[in-house]
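To keep things clear, I will list the structure first and then write my remarks on it.
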Amino acid sequence: MANTNELKYSKSHEWVRYEGDEAYIGITDFAQSSMGDLVFVNLPEVDDEIEVGEALGDIESVKAVEDVLSPVSATVLEVNEELLDAPEAINEHPYDAWFVRVGNITETEELLDEEAYDKFVEEEA
Amino acid sequence: MEGKKTPLYDTHVKYGGSIVDFGGFLLPVQYEAGIKKEHMAVRTECGLFDVSHMGEILVQGEKALEFLNHVLTNDYTDLKDGCARYSPMCNENGGTVDDLIVYKKADNDYFVVVNAANTEKDFQWMVDHKIDGVELSNASAEWGQLALQGPNSEKVLAKVAKPEAIPAGYYTCVFDTEMQGIPCMISRTGYTGEDGFEIYMPADRAVDAWELLMDAGQEYGILPCGLGARDTLRMEAAMPLYGHEMNDEISPKVAGLGFAVKMDKPEFIGKEAIEAATPLKQRRVGLKVTGRGILREECDVYRDGKKVGVTTSGTFLPYLKGSYAMAIVEAADREIGAACQVEVRGRMIDAEMVKLPFYKREK
């Protein structure tokens with residue numbers, strides 16, 4: 001499992017893992033557990049430009065639909081197609097189940113470290 | 001959170017239920033296992049639901065049968081003691097006031113179970129259309145109700161109830177019985193498409209009954225189940241839900257409930273309007289996703305670019321592992337096997353018109 005203290009977190013419950021100039025983006029354990037059993041994922045396509053604060057895709061549970069908001073403005077280099085067939089992987093391993101790998105990052109919203117994010121979740125819950 | 005609590009509210013919290021406001025009642029949408037596991041437990045083993053929010057109305061008196069045949073579309077003339085029968089209740093325009101189940105305890109003594117959110121409306125409707133010789137009482141607050149559903153239900157119930165307390169046939173019931181000292185009425189009915197029981201007990205014994213059945217069900221894989229699984233289970237079995245497949249405007253015939261609308265009865269409220277609306281302009285149909293996406297309710301349905309109807313319920317169905325919807329479409333455009341498209345949040349999802357129910361248990 002990913003080392004969660006090396007991740008950065010958005011207040012809309014996405015995580016970012018930087019690797020050099022690139023980053024992987026997924027959703028947090030809090031986000032997956034609030035949604036319940038995920039049954040469908042919409043992902044962008046390779047080469048799509050994603051914008052900070054805008055939907056890069058969405059996730060659907062039996063009862064609900066939520067946008068996944070991008071914490072960065074960047075270019076999509078790769079999408080995790082395994083999630084399309086097995087969205088339950090997000091429930092099972094939220095920090096390994098990355099949605100997209102991005103590069104050419106031009107803008108990043110203010111992100112929290114693990115401690116600040118945990119505190120934020122606690123206050124919000 | 002505002003909202004009425006059922007007698008089991010604290011029990012739901014204790015069992016880890018995620019509480020939501022449903023039609024004015026605080027009830028669990030799911031427990032820790034989640035909707036998919038709860039759904040599968042009912043299909044393969046068994047599950048226990050709190051349905052104490054449902055309304056109970058007593059219809060008694062020498063004209064009780066005449067009254068039921070007047071306000072309901074089904075025919076109760078030949079209903080035997082200890083048996084149950086489903087019916088829509090219509091307004092003069094042929095729209096649906098509610099759908100409900102009538103249990104016959106004895107001549108002139110019926111027990112009617114209605115949808116929670118409609119209890120007050122239904123009771124008022126019945127009072128407004130009452131005839132002499134009928135007594136009506138809204139007993140909803142006095143009753144707790146549990147639904148024990150799934151193929152193992154009978155084994156679980158047999159651990160806590162004597163054989164004579166267990167109704168043998170579908171849509172039969174045993175009044176004035178007990179489960180280990182808890183007084184109850186046990187009915188072989190449900191809203192999941194599986195074998196199972198709906199058990200009515202005094203509200204102050206509902207917690208005891210819940211714990212008794214949960215204990216008895218441990219060895220049979222019982223899970224506490226919330227409203228989420230209740231909805232996916234009824235959808236898989238294509239059982240209509242009031243406010244979705246039917247409402248004050250939609251006739252039970254359009255909703256596919258013609259089997260419970262007895263046009264050969266001399267009269268019932270709504271009969272003339274239903275007659276006048278024949279042949280039907282619109283009908284219910286099943287939709288199955290053939291492309292990618294999850295169908296949701298209140299989405300437009302298209303065939304060859306022309307709008308032909310609207311979905312009334314839609315989600316991902318855990319046992320069938322796919323997305324399905326029910327829709328009300330133009331009768332002329334309803335064709336099993338036909339390709340169609342459903343517009344969900346601006347995206348067109350490819351689907352196919354299919355027969356209902358989506359799921360039918362093997363008997």
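Just remember, in the structure tokens the first chain shown is A, the second B, etc., residues are 1-based per chain, and ligands are 1-based in the order shown.
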
Identify, on the basis of only C-alpha atoms, every residue whose closest approach to B:Lys265 does not exceed 9 Å; exclude the query and any residue fewer than 4 positions from it along the same chain; express the result as a list of chain:residue names.
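Final neighbour list, sorted by chain and number: B:Asn69, B:Thr73, B:Asn74, B:Asp75, B:Lys271.
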
Which residues come within 10 Å of B:Gly256, counting only C-alpha atoms, excluding same-chain residues fewer than 4 positions away, as a PDB file with all heavy atoms, in the first residue's frame?
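Below is the file around-v7.pdb, written as the result:
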```
ATOM      1  N   ALA B 238     -38.123  -6.101 -10.200  1.00  0.00           N
ATOM      2  CA  ALA B 238     -39.041  -5.239 -10.964  1.00  0.00           C
ATOM      3  C   ALA B 238     -40.321  -4.923 -10.200  1.00  0.00           C
ATOM      4  O   ALA B 238     -41.388  -4.762 -10.793  1.00  0.00           O
ATOM      5  CB  ALA B 238     -39.358  -5.834 -12.327  1.00  0.00           C
ATOM      6  N   MET B 239     -40.232  -4.860  -8.869  1.00  0.00           N
ATOM      7  CA  MET B 239     -41.409  -4.477  -8.096  1.00  0.00           C
ATOM      8  C   MET B 239     -41.514  -2.961  -8.118  1.00  0.00           C
ATOM      9  O   MET B 239     -40.534  -2.271  -7.849  1.00  0.00           O
ATOM     10  CB  MET B 239     -41.267  -4.995  -6.671  1.00  0.00           C
ATOM     11  CG  MET B 239     -41.368  -6.507  -6.620  1.00  0.00           C
ATOM     12  SD  MET B 239     -40.883  -7.125  -5.016  1.00  0.00           S
ATOM     13  CE  MET B 239     -41.903  -8.582  -4.906  1.00  0.00           C
ATOM     14  N   PRO B 240     -42.685  -2.441  -8.445  1.00  0.00           N
ATOM     15  CA  PRO B 240     -42.818  -0.989  -8.538  1.00  0.00           C
ATOM     16  C   PRO B 240     -42.748  -0.319  -7.164  1.00  0.00           C
ATOM     17  O   PRO B 240     -43.081  -0.938  -6.150  1.00  0.00           O
ATOM     18  CB  PRO B 240     -44.200  -0.801  -9.163  1.00  0.00           C
ATOM     19  CG  PRO B 240     -44.937  -2.055  -8.890  1.00  0.00           C
ATOM     20  CD  PRO B 240     -43.931  -3.150  -8.770  1.00  0.00           C
ATOM     21  N   GLU B 245     -42.580   4.302 -10.125  1.00  0.00           N
ATOM     22  CA  GLU B 245     -43.293   3.684 -11.249  1.00  0.00           C
ATOM     23  C   GLU B 245     -44.750   4.131 -11.291  1.00  0.00           C
ATOM     24  O   GLU B 245     -45.429   3.982 -12.311  1.00  0.00           O
ATOM     25  CB  GLU B 245     -43.211   2.156 -11.161  1.00  0.00           C
ATOM     26  CG  GLU B 245     -41.872   1.614 -11.640  1.00  0.00           C
ATOM     27  CD  GLU B 245     -40.713   1.985 -10.744  1.00  0.00           C
ATOM     28  OE1 GLU B 245     -40.862   1.904  -9.513  1.00  0.00           O
ATOM     29  OE2 GLU B 245     -39.654   2.398 -11.271  1.00  0.00           O
ATOM     30  N   MET B 246     -45.280   4.605 -10.172  1.00  0.00           N
ATOM     31  CA  MET B 246     -46.668   5.086 -10.157  1.00  0.00           C
ATOM     32  C   MET B 246     -46.778   6.251  -9.185  1.00  0.00           C
ATOM     33  O   MET B 246     -45.973   6.386  -8.266  1.00  0.00           O
ATOM     34  CB  MET B 246     -47.620   3.965  -9.745  1.00  0.00           C
ATOM     35  CG  MET B 246     -47.384   3.543  -8.322  1.00  0.00           C
ATOM     36  SD  MET B 246     -47.974   1.905  -7.984  1.00  0.00           S
ATOM     37  CE  MET B 246     -46.556   1.256  -7.127  1.00  0.00           C
ATOM     38  N   SER B 251     -51.545   5.634 -13.840  1.00  0.00           N
ATOM     39  CA  SER B 251     -52.486   4.560 -13.521  1.00  0.00           C
ATOM     40  C   SER B 251     -51.725   3.258 -13.304  1.00  0.00           C
ATOM     41  O   SER B 251     -50.651   3.035 -13.867  1.00  0.00           O
ATOM     42  CB  SER B 251     -53.513   4.404 -14.631  1.00  0.00           C
ATOM     43  OG  SER B 251     -53.270   3.247 -15.385  1.00  0.00           O
ATOM     44  N   PRO B 252     -52.279   2.371 -12.468  1.00  0.00           N
ATOM     45  CA  PRO B 252     -51.596   1.094 -12.224  1.00  0.00           C
ATOM     46  C   PRO B 252     -51.439   0.264 -13.493  1.00  0.00           C
ATOM     47  O   PRO B 252     -50.524  -0.535 -13.600  1.00  0.00           O
ATOM     48  CB  PRO B 252     -52.502   0.391 -11.203  1.00  0.00           C
ATOM     49  CG  PRO B 252     -53.767   1.167 -11.146  1.00  0.00           C
ATOM     50  CD  PRO B 252     -53.490   2.534 -11.664  1.00  0.00           C
ATOM     51  N   ALA B 260     -53.661  -6.621 -10.964  1.00  0.00           N
ATOM     52  CA  ALA B 260     -54.347  -6.273  -9.720  1.00  0.00           C
ATOM     53  C   ALA B 260     -55.451  -5.232  -9.948  1.00  0.00           C
ATOM     54  O   ALA B 260     -55.927  -4.606  -9.013  1.00  0.00           O
ATOM     55  CB  ALA B 260     -53.338  -5.758  -8.691  1.00  0.00           C
ATOM     56  N   ARG B 283     -46.631   2.597 -21.374  1.00  0.00           N
ATOM     57  CA  ARG B 283     -46.464   1.352 -20.618  1.00  0.00           C
ATOM     58  C   ARG B 283     -45.085   1.301 -19.989  1.00  0.00           C
ATOM     59  O   ARG B 283     -44.144   1.929 -20.447  1.00  0.00           O
ATOM     60  CB  ARG B 283     -46.632   0.144 -21.537  1.00  0.00           C
ATOM     61  CG  ARG B 283     -48.079  -0.090 -21.960  1.00  0.00           C
ATOM     62  CD  ARG B 283     -48.177  -1.251 -22.922  1.00  0.00           C
ATOM     63  NE  ARG B 283     -47.851  -2.534 -22.267  1.00  0.00           N
ATOM     64  CZ  ARG B 283     -47.575  -3.643 -22.940  1.00  0.00           C
ATOM     65  NH1 ARG B 283     -47.548  -3.655 -24.246  1.00  0.00           N
ATOM     66  NH2 ARG B 283     -47.299  -4.760 -22.274  1.00  0.00           N
ATOM     67  N   ARG B 284     -45.002   0.485 -18.953  1.00  0.00           N
ATOM     68  CA  ARG B 284     -43.712   0.283 -18.280  1.00  0.00           C
ATOM     69  C   ARG B 284     -42.861  -0.691 -19.092  1.00  0.00           C
ATOM     70  O   ARG B 284     -43.380  -1.631 -19.684  1.00  0.00           O
ATOM     71  CB  ARG B 284     -43.945  -0.279 -16.880  1.00  0.00           C
ATOM     72  CG  ARG B 284     -42.677  -0.490 -16.077  1.00  0.00           C
ATOM     73  CD  ARG B 284     -42.955  -0.717 -14.594  1.00  0.00           C
ATOM     74  NE  ARG B 284     -43.659  -1.965 -14.317  1.00  0.00           N
ATOM     75  CZ  ARG B 284     -43.292  -2.845 -13.374  1.00  0.00           C
ATOM     76  NH1 ARG B 284     -42.225  -2.612 -12.625  1.00  0.00           N
ATOM     77  NH2 ARG B 284     -43.993  -3.939 -13.168  1.00  0.00           N
ATOM     78  N   VAL B 285     -41.554  -0.481 -19.066  1.00  0.00           N
ATOM     79  CA  VAL B 285     -40.637  -1.404 -19.734  1.00  0.00           C
ATOM     80  C   VAL B 285     -39.330  -1.455 -18.938  1.00  0.00           C
ATOM     81  O   VAL B 285     -39.021  -0.523 -18.182  1.00  0.00           O
ATOM     82  CB  VAL B 285     -40.380  -0.959 -21.206  1.00  0.00           C
ATOM     83  CG1 VAL B 285     -39.549   0.323 -21.259  1.00  0.00           C
ATOM     84  CG2 VAL B 285     -39.717  -2.072 -22.010  1.00  0.00           C
ATOM     85  N   ILE B 328     -41.224   4.443 -18.165  1.00  0.00           N
ATOM     86  CA  ILE B 328     -42.559   4.499 -18.744  1.00  0.00           C
ATOM     87  C   ILE B 328     -42.403   5.148 -20.113  1.00  0.00           C
ATOM     88  O   ILE B 328     -41.883   6.266 -20.218  1.00  0.00           O
ATOM     89  CB  ILE B 328     -43.534   5.243 -17.813  1.00  0.00           C
ATOM     90  CG1 ILE B 328     -43.749   4.354 -16.577  1.00  0.00           C
ATOM     91  CG2 ILE B 328     -44.848   5.544 -18.540  1.00  0.00           C
ATOM     92  CD1 ILE B 328     -44.699   4.873 -15.567  1.00  0.00           C
ATOM     93  N   LEU B 356     -39.606  -7.590 -18.091  1.00  0.00           N
ATOM     94  CA  LEU B 356     -39.541  -7.566 -16.631  1.00  0.00           C
ATOM     95  C   LEU B 356     -40.099  -8.886 -16.109  1.00  0.00           C
ATOM     96  O   LEU B 356     -40.974  -9.477 -16.736  1.00  0.00           O
ATOM     97  CB  LEU B 356     -40.361  -6.391 -16.098  1.00  0.00           C
ATOM     98  CG  LEU B 356     -39.819  -5.010 -16.509  1.00  0.00           C
ATOM     99  CD1 LEU B 356     -40.798  -3.917 -16.082  1.00  0.00           C
ATOM    100  CD2 LEU B 356     -38.455  -4.764 -15.902  1.00  0.00           C
TER     101      LEU B 356
END
```

Restricting the calculation to only C-alpha atoms: of B:Ala206, B:Val174, B:Arg188, B:Leu241, which residue gets closest to B:Ala117?
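Of all the options, B:Leu241 lies closest to B:Ala117.
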
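Using only C-alpha atoms for every distance, the candidate list A:Glu49, A:Glu60, A:Asp118, A:Asp21 yields A:Glu49 as the residue closest to A:Ser73.
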
Could you write out as a list of chain:residue names the residues of chain B within 8 Å of chain A, counting only C-alpha atoms?
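Therefore, the residues near the partner are B:Gly34, B:Ile35, B:Lys36, B:Gly228, B:Gly293, B:Ile294, B:Thr315, B:Phe316, B:Leu317.
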
Just the strand (DSSP E) stuff from chain A, please, per backbone DSSP, written as a ChimeraX atom specification.
/A:8-9,14-19,22-27,38-42,49-50,55-61,65-69,72-79,100-108
